Every structure is written in C-alpha cells, then in structure tokens.
>>> print(open('run_9.txt').read())   # compact mmCIF, C-alpha atoms
# COMPACT_ATOMS: atom_id res chain seq x y z
CA MET H 1 -135.05 177.98 -48.24
CA ILE H 2 -134.19 176.16 -45.03
CA ASP H 3 -130.82 176.91 -43.47
CA ASN H 4 -128.77 173.69 -43.37
CA ALA H 5 -127.54 174.52 -39.87
CA ILE H 6 -131.12 174.82 -38.69
CA SER H 7 -132.28 171.65 -40.46
CA ASN H 8 -129.73 169.63 -38.51
CA GLU H 9 -130.86 170.96 -35.14
CA MET H 10 -133.20 168.96 -32.95
CA VAL H 11 -135.65 170.83 -30.71
CA VAL H 12 -137.66 169.22 -27.92
CA VAL H 13 -140.89 170.90 -26.82
CA PHE H 14 -142.23 169.90 -23.40
CA GLY H 15 -145.97 170.46 -23.08
CA ALA H 16 -146.29 170.25 -26.86
CA SER H 17 -149.82 168.82 -27.02
CA GLY H 18 -151.34 171.97 -25.55
CA PHE H 19 -152.61 175.23 -27.00
CA LEU H 20 -149.42 177.27 -27.21
CA GLY H 21 -146.92 174.39 -27.29
CA SER H 22 -148.53 172.79 -30.33
CA HIS H 23 -148.44 176.06 -32.28
CA VAL H 24 -144.78 176.64 -31.39
CA ALA H 25 -143.95 173.07 -32.47
CA ASP H 26 -145.59 173.81 -35.83
CA ALA H 27 -143.68 177.09 -36.18
CA LEU H 28 -140.41 175.29 -35.41
CA SER H 29 -141.13 172.67 -38.09
CA ALA H 30 -142.01 175.42 -40.58
CA ALA H 31 -138.66 177.08 -39.79
CA GLY H 32 -136.81 173.86 -40.63
CA TYR H 33 -136.01 172.42 -37.22
CA ARG H 34 -136.39 168.74 -36.39
CA VAL H 35 -139.05 168.75 -33.69
CA ARG H 36 -139.67 166.27 -30.88
CA LEU H 37 -142.90 166.66 -28.91
CA PHE H 38 -143.24 165.56 -25.27
CA ASP H 39 -146.48 165.52 -23.30
CA ARG H 40 -148.70 163.32 -21.14
CA THR H 41 -151.06 162.70 -24.07
CA PRO H 42 -150.35 162.37 -27.80
CA SER H 43 -150.76 165.63 -29.68
CA PRO H 44 -153.82 165.69 -31.96
CA TYR H 45 -151.87 168.17 -34.10
CA LEU H 46 -148.79 165.97 -34.66
CA LYS H 47 -147.30 166.41 -38.13
CA GLY H 48 -145.69 163.68 -40.18
CA ASN H 49 -142.22 165.18 -39.79
CA GLN H 50 -142.50 165.48 -36.00
CA GLU H 51 -141.66 162.91 -33.32
CA MET H 52 -144.01 162.32 -30.37
CA ILE H 53 -142.96 161.05 -26.94
CA VAL H 54 -145.65 160.41 -24.33
CA GLY H 55 -144.32 160.99 -20.83
CA ASP H 56 -144.58 162.97 -17.62
CA ILE H 57 -142.60 166.16 -16.91
CA MET H 58 -142.39 164.96 -13.29
CA ASN H 59 -140.40 161.87 -14.33
CA LEU H 60 -136.83 163.18 -14.56
CA ASP H 61 -135.51 160.09 -16.37
CA GLN H 62 -138.16 160.44 -19.08
CA VAL H 63 -137.42 164.14 -19.44
CA ILE H 64 -133.67 163.53 -19.79
CA ASP H 65 -134.25 160.81 -22.40
CA ALA H 66 -136.51 163.15 -24.37
CA ALA H 67 -133.86 165.90 -24.37
CA LYS H 68 -131.08 163.72 -25.74
CA ARG H 69 -129.57 165.05 -28.99
CA ALA H 70 -131.71 168.20 -28.70
CA SER H 71 -129.79 171.45 -28.95
CA ILE H 72 -132.80 173.56 -27.91
CA VAL H 73 -135.30 172.83 -25.12
CA TYR H 74 -138.69 174.57 -24.80
CA ASN H 75 -140.84 174.16 -21.71
CA PHE H 76 -144.58 174.84 -21.94
CA ALA H 77 -145.60 172.15 -19.44
CA ALA H 78 -147.54 173.91 -16.66
CA ILE H 79 -150.81 174.53 -14.90
CA ALA H 80 -151.63 177.63 -16.93
CA ASP H 81 -155.14 178.51 -15.77
CA ILE H 82 -154.99 181.13 -13.02
CA ASP H 83 -158.25 180.08 -11.39
CA GLU H 84 -157.19 176.43 -11.33
CA ALA H 85 -153.81 177.39 -9.89
CA ASN H 86 -155.49 179.44 -7.17
CA ASP H 87 -157.28 176.29 -5.96
CA LYS H 88 -154.30 173.96 -6.37
CA PRO H 89 -151.17 175.53 -4.85
CA LEU H 90 -149.24 172.27 -4.36
CA PRO H 91 -149.78 170.89 -7.89
CA THR H 92 -149.03 174.36 -9.26
CA ALA H 93 -145.70 174.56 -7.44
CA THR H 94 -144.88 170.96 -8.31
CA ILE H 95 -145.54 171.16 -12.04
CA ASN H 96 -144.68 174.80 -12.72
CA VAL H 97 -141.52 174.99 -10.61
CA LEU H 98 -140.17 171.48 -10.10
CA GLY H 99 -141.31 170.41 -13.56
CA ASN H 100 -139.39 173.32 -15.05
CA MET H 101 -136.34 172.31 -13.01
CA HIS H 102 -136.56 168.84 -14.57
CA ALA H 103 -136.54 170.42 -18.02
CA LEU H 104 -133.60 172.65 -16.99
CA GLU H 105 -131.67 169.69 -15.60
CA ALA H 106 -132.31 167.69 -18.75
CA ALA H 107 -131.08 170.59 -20.89
CA ARG H 108 -127.94 170.89 -18.76
CA ILE H 109 -127.16 167.15 -18.74
CA THR H 110 -127.70 166.68 -22.47
CA GLY H 111 -125.75 169.80 -23.44
CA ALA H 112 -128.50 171.94 -25.00
CA ARG H 113 -127.37 175.33 -26.24
CA ARG H 114 -130.59 177.21 -25.37
CA PHE H 115 -133.40 176.76 -22.86
CA VAL H 116 -136.69 178.55 -23.59
CA PHE H 117 -139.11 179.04 -20.70
CA ALA H 118 -142.76 180.01 -21.20
CA SER H 119 -143.49 182.60 -18.53
CA SER H 120 -146.21 185.24 -18.23
CA VAL H 121 -146.68 189.00 -17.86
CA TYR H 122 -148.16 188.09 -14.47
CA VAL H 123 -144.61 187.90 -13.10
CA TYR H 124 -144.79 191.71 -12.92
CA SER H 125 -148.00 191.66 -10.92
CA GLU H 126 -149.31 191.22 -7.41
CA SER H 127 -152.31 189.53 -9.06
CA GLY H 128 -152.31 185.99 -10.34
CA SER H 129 -152.09 184.18 -7.01
CA PHE H 130 -150.09 180.92 -6.99
CA TYR H 131 -149.76 180.97 -10.78
CA ARG H 132 -147.83 184.25 -10.64
CA ALA H 133 -145.67 183.01 -7.78
CA SER H 134 -144.81 179.80 -9.62
CA LYS H 135 -143.73 181.68 -12.74
CA GLN H 136 -141.59 184.08 -10.71
CA ALA H 137 -139.86 181.16 -8.99
CA ALA H 138 -139.34 179.25 -12.24
CA GLU H 139 -137.80 182.34 -13.86
CA ARG H 140 -135.30 182.65 -11.02
CA PHE H 141 -134.29 179.00 -11.28
CA THR H 142 -133.82 179.45 -15.03
CA GLU H 143 -131.61 182.51 -14.47
CA THR H 144 -129.61 180.71 -11.79
CA TYR H 145 -128.97 177.69 -14.03
CA HIS H 146 -127.31 180.13 -16.42
CA GLU H 147 -125.25 181.68 -13.62
CA ARG H 148 -124.22 178.31 -12.21
CA TYR H 149 -123.89 176.13 -15.31
CA GLY H 150 -123.71 178.54 -18.25
CA LEU H 151 -126.98 177.29 -19.78
CA ASP H 152 -128.21 180.05 -22.09
CA TYR H 153 -131.92 180.83 -21.86
CA SER H 154 -134.73 182.93 -23.27
CA ILE H 155 -137.61 183.76 -20.94
CA LEU H 156 -140.81 184.54 -22.85
CA ARG H 157 -143.46 186.48 -20.93
CA TYR H 158 -146.68 185.93 -22.82
CA GLY H 159 -149.67 188.23 -22.65
CA SER H 160 -153.30 187.27 -23.37
CA LEU H 161 -153.25 184.60 -26.06
CA TYR H 162 -156.15 183.51 -28.24
CA GLY H 163 -156.68 181.42 -31.36
CA ARG H 164 -157.49 177.93 -32.59
CA ARG H 165 -156.86 174.87 -30.37
CA ALA H 166 -157.75 176.74 -27.17
CA ASP H 167 -160.22 175.43 -24.60
CA LYS H 168 -162.35 176.81 -21.77
CA ARG H 169 -159.24 177.74 -19.78
CA ASN H 170 -158.62 180.48 -22.34
CA GLY H 171 -160.37 183.83 -21.78
CA ILE H 172 -161.48 184.61 -25.34
CA TYR H 173 -162.41 180.98 -25.98
CA ARG H 174 -164.68 181.02 -22.91
CA MET H 175 -166.41 184.18 -24.15
CA LEU H 176 -166.85 182.84 -27.68
CA HIS H 177 -168.08 179.46 -26.47
CA GLU H 178 -170.69 181.08 -24.21
CA ALA H 179 -171.79 183.43 -26.98
CA VAL H 180 -172.30 180.59 -29.45
CA ALA H 181 -173.72 177.99 -27.06
CA HIS H 182 -175.80 180.21 -24.77
CA HIS H 183 -176.15 183.56 -26.58
CA SER H 184 -174.70 185.31 -23.53
CA ILE H 185 -171.29 186.10 -22.00
CA THR H 186 -170.56 186.48 -18.29
CA TYR H 187 -167.30 188.02 -17.12
CA LYS H 188 -166.17 187.83 -13.51
CA GLY H 189 -165.29 191.49 -13.08
CA SER H 190 -166.37 194.93 -14.21
CA GLY H 191 -165.22 194.54 -17.80
CA GLU H 192 -162.96 197.58 -17.46
CA ALA H 193 -159.81 195.41 -17.24
CA MET H 194 -157.33 196.06 -20.06
CA ARG H 195 -155.62 193.33 -22.07
CA GLU H 196 -153.13 193.21 -24.95
CA TYR H 197 -154.37 190.21 -26.92
CA ILE H 198 -151.98 188.39 -29.23
CA HIS H 199 -152.95 185.69 -31.71
CA VAL H 200 -151.29 182.40 -30.85
CA GLU H 201 -149.80 182.03 -34.35
CA ASP H 202 -148.09 185.42 -34.02
CA ALA H 203 -146.79 184.41 -30.59
CA ALA H 204 -145.54 181.09 -31.99
CA ARG H 205 -143.63 182.76 -34.80
CA MET H 206 -141.93 185.13 -32.37
CA SER H 207 -141.19 182.19 -30.07
CA VAL H 208 -139.03 180.79 -32.86
CA GLN H 209 -137.47 184.10 -33.90
CA ILE H 210 -136.03 184.51 -30.40
CA LEU H 211 -133.60 181.66 -31.10
CA ALA H 212 -131.40 184.23 -32.85
CA PRO H 213 -128.14 184.84 -30.93
CA GLU H 214 -129.09 188.37 -29.85
CA PHE H 215 -131.99 187.04 -27.75
CA ALA H 216 -129.89 184.71 -25.60
CA ASN H 217 -130.24 185.38 -21.87
CA ARG H 218 -132.99 187.91 -22.42
CA HIS H 219 -136.44 188.39 -20.92
CA LEU H 220 -138.91 189.04 -23.73
CA ILE H 221 -142.51 190.25 -23.56
CA LEU H 222 -144.79 188.81 -26.24
CA THR H 223 -148.13 190.64 -26.27
CA GLY H 224 -150.42 192.33 -28.77
CA GLN H 225 -150.01 195.83 -30.11
CA GLU H 226 -153.35 197.27 -28.97
CA LYS H 227 -154.85 197.52 -25.50
CA LEU H 228 -158.54 196.71 -25.29
CA ARG H 229 -161.01 196.64 -22.43
CA ILE H 230 -162.52 193.20 -21.90
CA LYS H 231 -165.92 194.90 -22.12
CA ASP H 232 -165.03 196.12 -25.63
CA VAL H 233 -163.96 192.62 -26.72
CA MET H 234 -167.28 191.25 -25.47
CA THR H 235 -169.12 193.95 -27.40
CA MET H 236 -167.09 193.10 -30.52
CA ILE H 237 -168.10 189.46 -30.21
CA SER H 238 -171.76 190.40 -29.76
CA GLU H 239 -171.64 192.58 -32.90
CA ILE H 240 -169.91 189.89 -34.98
CA LEU H 241 -172.50 187.21 -34.21
CA PRO H 242 -175.78 187.20 -36.17
CA TRP H 243 -177.93 186.86 -33.04
CA PRO H 244 -178.35 188.97 -29.87
CA VAL H 245 -175.76 188.23 -27.16
CA GLU H 246 -176.43 189.31 -23.58
CA LEU H 247 -173.41 190.69 -21.70
CA HIS H 248 -173.17 190.21 -17.93
CA PHE H 249 -170.55 191.36 -15.41
CA ASP H 250 -170.17 189.50 -12.11
CA GLU H 251 -168.17 192.04 -10.11
CA ALA H 252 -168.75 190.20 -6.81
CA ASN H 253 -166.52 187.33 -7.97
CA ALA H 254 -163.70 189.34 -9.55
CA VAL H 255 -160.48 187.80 -8.23
CA HIS H 256 -156.91 186.92 -9.17
CA HIS H 257 -156.68 188.91 -12.42
CA TYR H 258 -155.12 192.33 -12.92
CA GLU H 259 -157.26 195.25 -14.09
CA ILE H 260 -155.22 197.83 -16.00
CA THR H 261 -151.61 196.72 -15.81
CA PRO H 262 -149.70 193.75 -14.41
CA TYR H 263 -146.77 195.94 -13.41
CA ALA H 264 -146.19 195.93 -9.67
CA PHE H 265 -143.49 193.42 -8.77
CA GLN H 266 -140.33 194.11 -10.77
CA PRO H 267 -138.30 191.11 -11.90
CA ARG H 268 -135.60 191.61 -14.51
CA ILE H 269 -136.66 194.04 -17.23
CA GLY H 270 -138.14 192.45 -20.32
CA ARG H 271 -137.92 193.73 -23.89
CA LYS H 272 -141.26 193.74 -25.72
CA LEU H 273 -141.32 192.14 -29.17
CA VAL H 274 -144.01 192.84 -31.76
CA LEU H 275 -144.61 191.74 -35.35
CA ASN H 276 -145.16 194.30 -38.11
CA GLU H 277 -147.48 191.80 -39.80
CA HIS H 278 -149.89 190.22 -37.33
CA VAL H 279 -153.33 188.66 -37.15
CA ASP H 280 -156.06 191.30 -36.71
CA LEU H 281 -158.10 190.70 -33.55
CA GLY H 282 -161.43 190.78 -35.38
CA GLN H 283 -160.26 188.31 -38.03
CA GLY H 284 -158.75 186.12 -35.33
CA ILE H 285 -162.03 186.08 -33.39
CA LEU H 286 -163.93 185.12 -36.56
CA ASP H 287 -161.58 182.19 -37.11
CA CYS H 288 -162.01 181.05 -33.49
CA LEU H 289 -165.79 181.30 -33.80
CA ARG H 290 -165.82 179.06 -36.85
CA GLU H 291 -163.81 176.42 -35.00
CA ILE H 292 -166.01 176.59 -31.88
CA HIS H 293 -169.26 176.47 -33.85
CA GLN H 294 -168.02 173.52 -35.88
CA ASN H 295 -166.94 171.64 -32.75
CA LEU H 296 -170.20 172.33 -30.91
CA HIS H 297 -172.32 170.94 -33.73
CA HIS H 298 -169.96 168.03 -34.34
CA ASN H 299 -170.18 167.05 -30.66
CA GLY H 300 -173.95 167.58 -30.50
CA GLU H 301 -173.64 170.17 -27.71
CA ASN H 302 -175.64 172.87 -29.45
CA ASP H 303 -178.34 171.31 -31.60
CA ASP H 304 -180.77 174.19 -30.94
CA ALA H 305 -178.28 176.97 -31.65
CA THR H 306 -178.82 179.41 -34.49
CA PRO H 307 -177.01 178.19 -37.63
CA MET H 308 -173.81 180.14 -38.27
CA THR H 309 -172.34 180.25 -41.76
CA SER H 310 -169.42 181.92 -43.44
CA ASP H 311 -171.92 184.33 -45.05
CA ASN H 312 -173.37 185.71 -41.84
CA LEU H 313 -169.91 185.90 -40.28
CA ALA H 314 -168.46 187.91 -43.15
>>> encode(input="run_9.txt", output="structure tokens")
Amino acid sequence: MIDNAISNEMVVVFGASGFLGSHVADALSAAGYRVRLFDRTPSPYLKGNQEMIVGDIMNLDQVIDAAKRASIVYNFAAIADIDEANDKPLPTATINVLGNMHALEAARITGARRFVFASSVYVYSESGSFYRASKQAAERFTETYHERYGLDYSILRYGSLYGRRADKRNGIYRMLHEAVAHHSITYKGSGEAMREYIHVEDAARMSVQILAPEFANRHLILTGQEKLRIKDVMTMISEILPWPVELHFDEANAVHHYEITPYAFQPRIGRKLVLNEHVDLGQGILDCLREIHQNLHHNGENDDATPMTSDNLA
C-alpha cells in the first residue's frame, strides 16, 4: 500500500535518462512518488506515470522550472566516466560542480525539503583524477548549502555499479561486451584491483530508502557486500560463457583507478548501507549478458558470434 503522504510528493530527478538515474526514477515511482525526469535527451525508459522534461543542467532557468513543486531533488547529471573526465577537466568541473550548484540553487529557491547528491567512493581516494576532485568539490558545496540555507541533503557515495541499461562507460558492461563480441577481455591494469560491485537495482532501492528522516544530512556509502578482484570477475565471465574467452591485462596503461581501497583522502565519514536481500553477482552478470547479446544481434554488430541461448547460460 502506498503511503498517502508519499503519493502527494513530487520528486525531480536530474540526469534521469542515464544508467543509474533511470533506475532510481523507477524505484521512486514504485515507492509511490510522483516523478519528474529531467535530462538532455528523452529517457527511453520513461513510464506512463512519469513526467519528462528535456533540458540542460547548465541552464539555471530550466533547472529551476523543473524543480517547481518538487519536495525532493536528486542530481545524477554528471560526467561519470573517470577516463573521460581525465581528458576533459573543464567540462568535468563545469557539469559536475557548477551543474550540481544549479540543482542546489533550484532546490533552495523552490523550497525542496531534501537534496540528494550522487557522489562516489572515489571522494576518499587520491585516484580518480578530475572526476574525484569534482565529486569532492560538489560534496562540499552541498554541505555548505545546508550550513548557509538549511537545505537538508543526503550524499550517496556509490561503489562499482552494474546492471541493465549500462553502456561502455561501465566497467562490467565493457567486459561483458568484449567477451560476447570479441571472445576476449582486456583490462587496463594487473587485474588485482578489488571492487565491491553492487547491482544497480539494489542501489536504486537504497537510494529511495534514504529519504527516511534518519538519513537527512548524512553521507552514505552504497556498495556491494563482497570484495572481488577484477581478475576473478573476468574469470567468472569466461566460465559463464559457452565459448573460450581470452583474458588480457594491459598493465602499462593502468591509470586513474584505485587498486585495493579508495581510502586516502578523508572527507566526512560515511555510513555504509547494505541490503539483506540483494541481486547475486553471478545472476546479475547473466542478466546483463542476455541484454548485451540481444542488443548486439538486434543492431547487427555481431552476426558471426556464437549463438547464446538461455539454455547454455543456465
């Protein structure tokens, strides 16, 4: 049953056409909120009970208009690929920092009761280049808006996400796509790096649960419950697929990413949230593989690839 108080609340999600934003928008709708999506392109995942606004996070007037009557503001609009950010410092600072300030200003002007910022575990790290620096700066502006204007916030520091709707900017998607399309996977590093993978649907559910009063003005870490070496994930993928997959490690080009832990720089302490019921990594990878294989054949990218069915992926 949907809480009547919740059903009357409007939520605006900036960056809602993307991988994580679209899943959070769906989780908000499932929880009974009225959801307004905002992004530069229409969301291909838009539901009938959701509203779509096409606009630019860098246009403050558009952002303010989108936030009107919304009691909760989420911001997922960002350059989220670390390698892209490393090559584009000015766009990264512009979108990730100033864009977030536009969302903050819109939340303040329109009287939102909570601002939710999508950050990253890279804020703890000396790795991550300009991406890490932009998230650290955006966190501080979010905290200072609370200190100056009383705007309550939740800062969500996401770990390594995976799941449907991802693209080649996503680590597991890249590995799966290479394994299906080319029967090989190349990782820029030794493969010994550790990650706590979390399925995007689990992350989306927790991104809604944090709207409870006790999570106001908190820094929350949303990662998986098991640490795995990237090498082990690659091996898992190779064992799941019904054909041989060659694994390669390009250690000469290992840059930007942390190896064992992101913890170096210490911003405000974050509390880690986990779900008792969560998507198993192996099952999640199988689901991603089905989507990738379907898309490759639908787009004609992989006509010579070995057929992959639900039977040989069981």
>>> closest_residue(input="run_9.txt", among="H:His278, H:His293, H:Lys272, H:His177", to="Leu220 in chain H", atoms="only C-alpha atoms")
H:Lys272
>>> residues_around(input="run_9.txt", residues="range 247-250 of chain H", least_positions_apart="6", cutoff="7 Å", atoms="only C-alpha atoms", output="PyMOL selection string")
chain H and resi 184-191
>>> residues_around(input="run_9.txt", residues="Gln50 in chain H", least_positions_apart="5", cutoff="12 Å", atoms="all atoms listed in the file", output="MDAnalysis selection string")
chainID H and resid 10:13 16 22 25:30 32:38 42:43 45
>>> residues_around(input="run_9.txt", residues="Ile64 in chain H", least_positions_apart="4", cutoff="7 Å", atoms="only C-alpha atoms", output="mmCIF file with C-alpha atoms, in the coordinates of the input")
data_model
loop_
_atom_site.group_PDB
_atom_site.id
_atom_site.type_symbol
_atom_site.label_atom_id
_atom_site.label_comp_id
_atom_site.auth_asym_id
_atom_site.auth_seq_id
_atom_site.Cartn_x
_atom_site.Cartn_y
_atom_site.Cartn_z
ATOM 1 C CA LEU H 60 -136.830 163.180 -14.560
ATOM 2 C CA LYS H 68 -131.080 163.720 -25.740
ATOM 3 C CA ALA H 106 -132.310 167.690 -18.750
#
>>> residues_around(input="run_9.txt", residues="range 169-173 of chain H", least_positions_apart="4", cutoff="8 Å", atoms="all atoms listed in the file", output="list in words")
Asp81, Leu161, Tyr162, Gly163, His177 and Cys288 of chain H
>>> atom_distance(input="run_9.txt", atom1="CA of Ser160 in chain H", atom2="CA of Gly15 in chain H")
18.3 Å
>>> decode(input="run_9.txt", residues="range 184-197 of chain H", atoms="N, CA and C atoms", output="PDB file, in the first residue's frame")
ATOM      1  N   SER H 184      37.076 -12.070 -26.001  1.00  0.00           N
ATOM      2  CA  SER H 184      38.247 -11.727 -25.201  1.00  0.00           C
ATOM      3  C   SER H 184      37.897 -10.530 -24.325  1.00  0.00           C
ATOM      4  N   ILE H 185      38.675 -10.351 -23.252  1.00  0.00           N
ATOM      5  CA  ILE H 185      38.512  -9.196 -22.361  1.00  0.00           C
ATOM      6  C   ILE H 185      39.895  -8.639 -22.080  1.00  0.00           C
ATOM      7  N   THR H 186      40.050  -7.326 -22.236  1.00  0.00           N
ATOM      8  CA  THR H 186      41.303  -6.660 -21.896  1.00  0.00           C
ATOM      9  C   THR H 186      41.051  -5.649 -20.790  1.00  0.00           C
ATOM     10  N   TYR H 187      41.823  -5.763 -19.711  1.00  0.00           N
ATOM     11  CA  TYR H 187      41.706  -4.830 -18.595  1.00  0.00           C
ATOM     12  C   TYR H 187      42.984  -4.010 -18.491  1.00  0.00           C
ATOM     13  N   LYS H 188      42.837  -2.708 -18.355  1.00  0.00           N
ATOM     14  CA  LYS H 188      43.996  -1.825 -18.231  1.00  0.00           C
ATOM     15  C   LYS H 188      44.473  -1.819 -16.785  1.00  0.00           C
ATOM     16  N   GLY H 189      45.276  -2.790 -16.443  1.00  0.00           N
ATOM     17  CA  GLY H 189      45.784  -2.957 -15.090  1.00  0.00           C
ATOM     18  C   GLY H 189      46.179  -4.403 -14.883  1.00  0.00           C
ATOM     19  N   SER H 190      46.540  -4.736 -13.661  1.00  0.00           N
ATOM     20  CA  SER H 190      47.015  -6.086 -13.363  1.00  0.00           C
ATOM     21  C   SER H 190      45.881  -7.069 -13.132  1.00  0.00           C
ATOM     22  N   GLY H 191      44.690  -6.564 -12.859  1.00  0.00           N
ATOM     23  CA  GLY H 191      43.575  -7.436 -12.514  1.00  0.00           C
ATOM     24  C   GLY H 191      43.472  -7.718 -11.034  1.00  0.00           C
ATOM     25  N   GLU H 192      44.461  -7.245 -10.260  1.00  0.00           N
ATOM     26  CA  GLU H 192      44.453  -7.485  -8.813  1.00  0.00           C
ATOM     27  C   GLU H 192      43.606  -6.456  -8.065  1.00  0.00           C
ATOM     28  N   ALA H 193      43.148  -5.413  -8.754  1.00  0.00           N
ATOM     29  CA  ALA H 193      42.342  -4.381  -8.104  1.00  0.00           C
ATOM     30  C   ALA H 193      41.067  -4.982  -7.522  1.00  0.00           C
ATOM     31  N   MET H 194      40.678  -4.497  -6.342  1.00  0.00           N
ATOM     32  CA  MET H 194      39.496  -5.012  -5.646  1.00  0.00           C
ATOM     33  C   MET H 194      38.321  -4.059  -5.851  1.00  0.00           C
ATOM     34  N   ARG H 195      37.134  -4.626  -6.026  1.00  0.00           N
ATOM     35  CA  ARG H 195      35.924  -3.830  -6.161  1.00  0.00           C
ATOM     36  C   ARG H 195      34.784  -4.481  -5.378  1.00  0.00           C
ATOM     37  N   GLU H 196      33.880  -3.632  -4.871  1.00  0.00           N
ATOM     38  CA  GLU H 196      32.656  -4.098  -4.225  1.00  0.00           C
ATOM     39  C   GLU H 196      31.498  -3.773  -5.167  1.00  0.00           C
ATOM     40  N   TYR H 197      31.154  -4.707  -6.027  1.00  0.00           N
ATOM     41  CA  TYR H 197      30.128  -4.474  -7.033  1.00  0.00           C
ATOM     42  C   TYR H 197      28.740  -4.506  -6.409  1.00  0.00           C
TER      43      TYR H 197
END
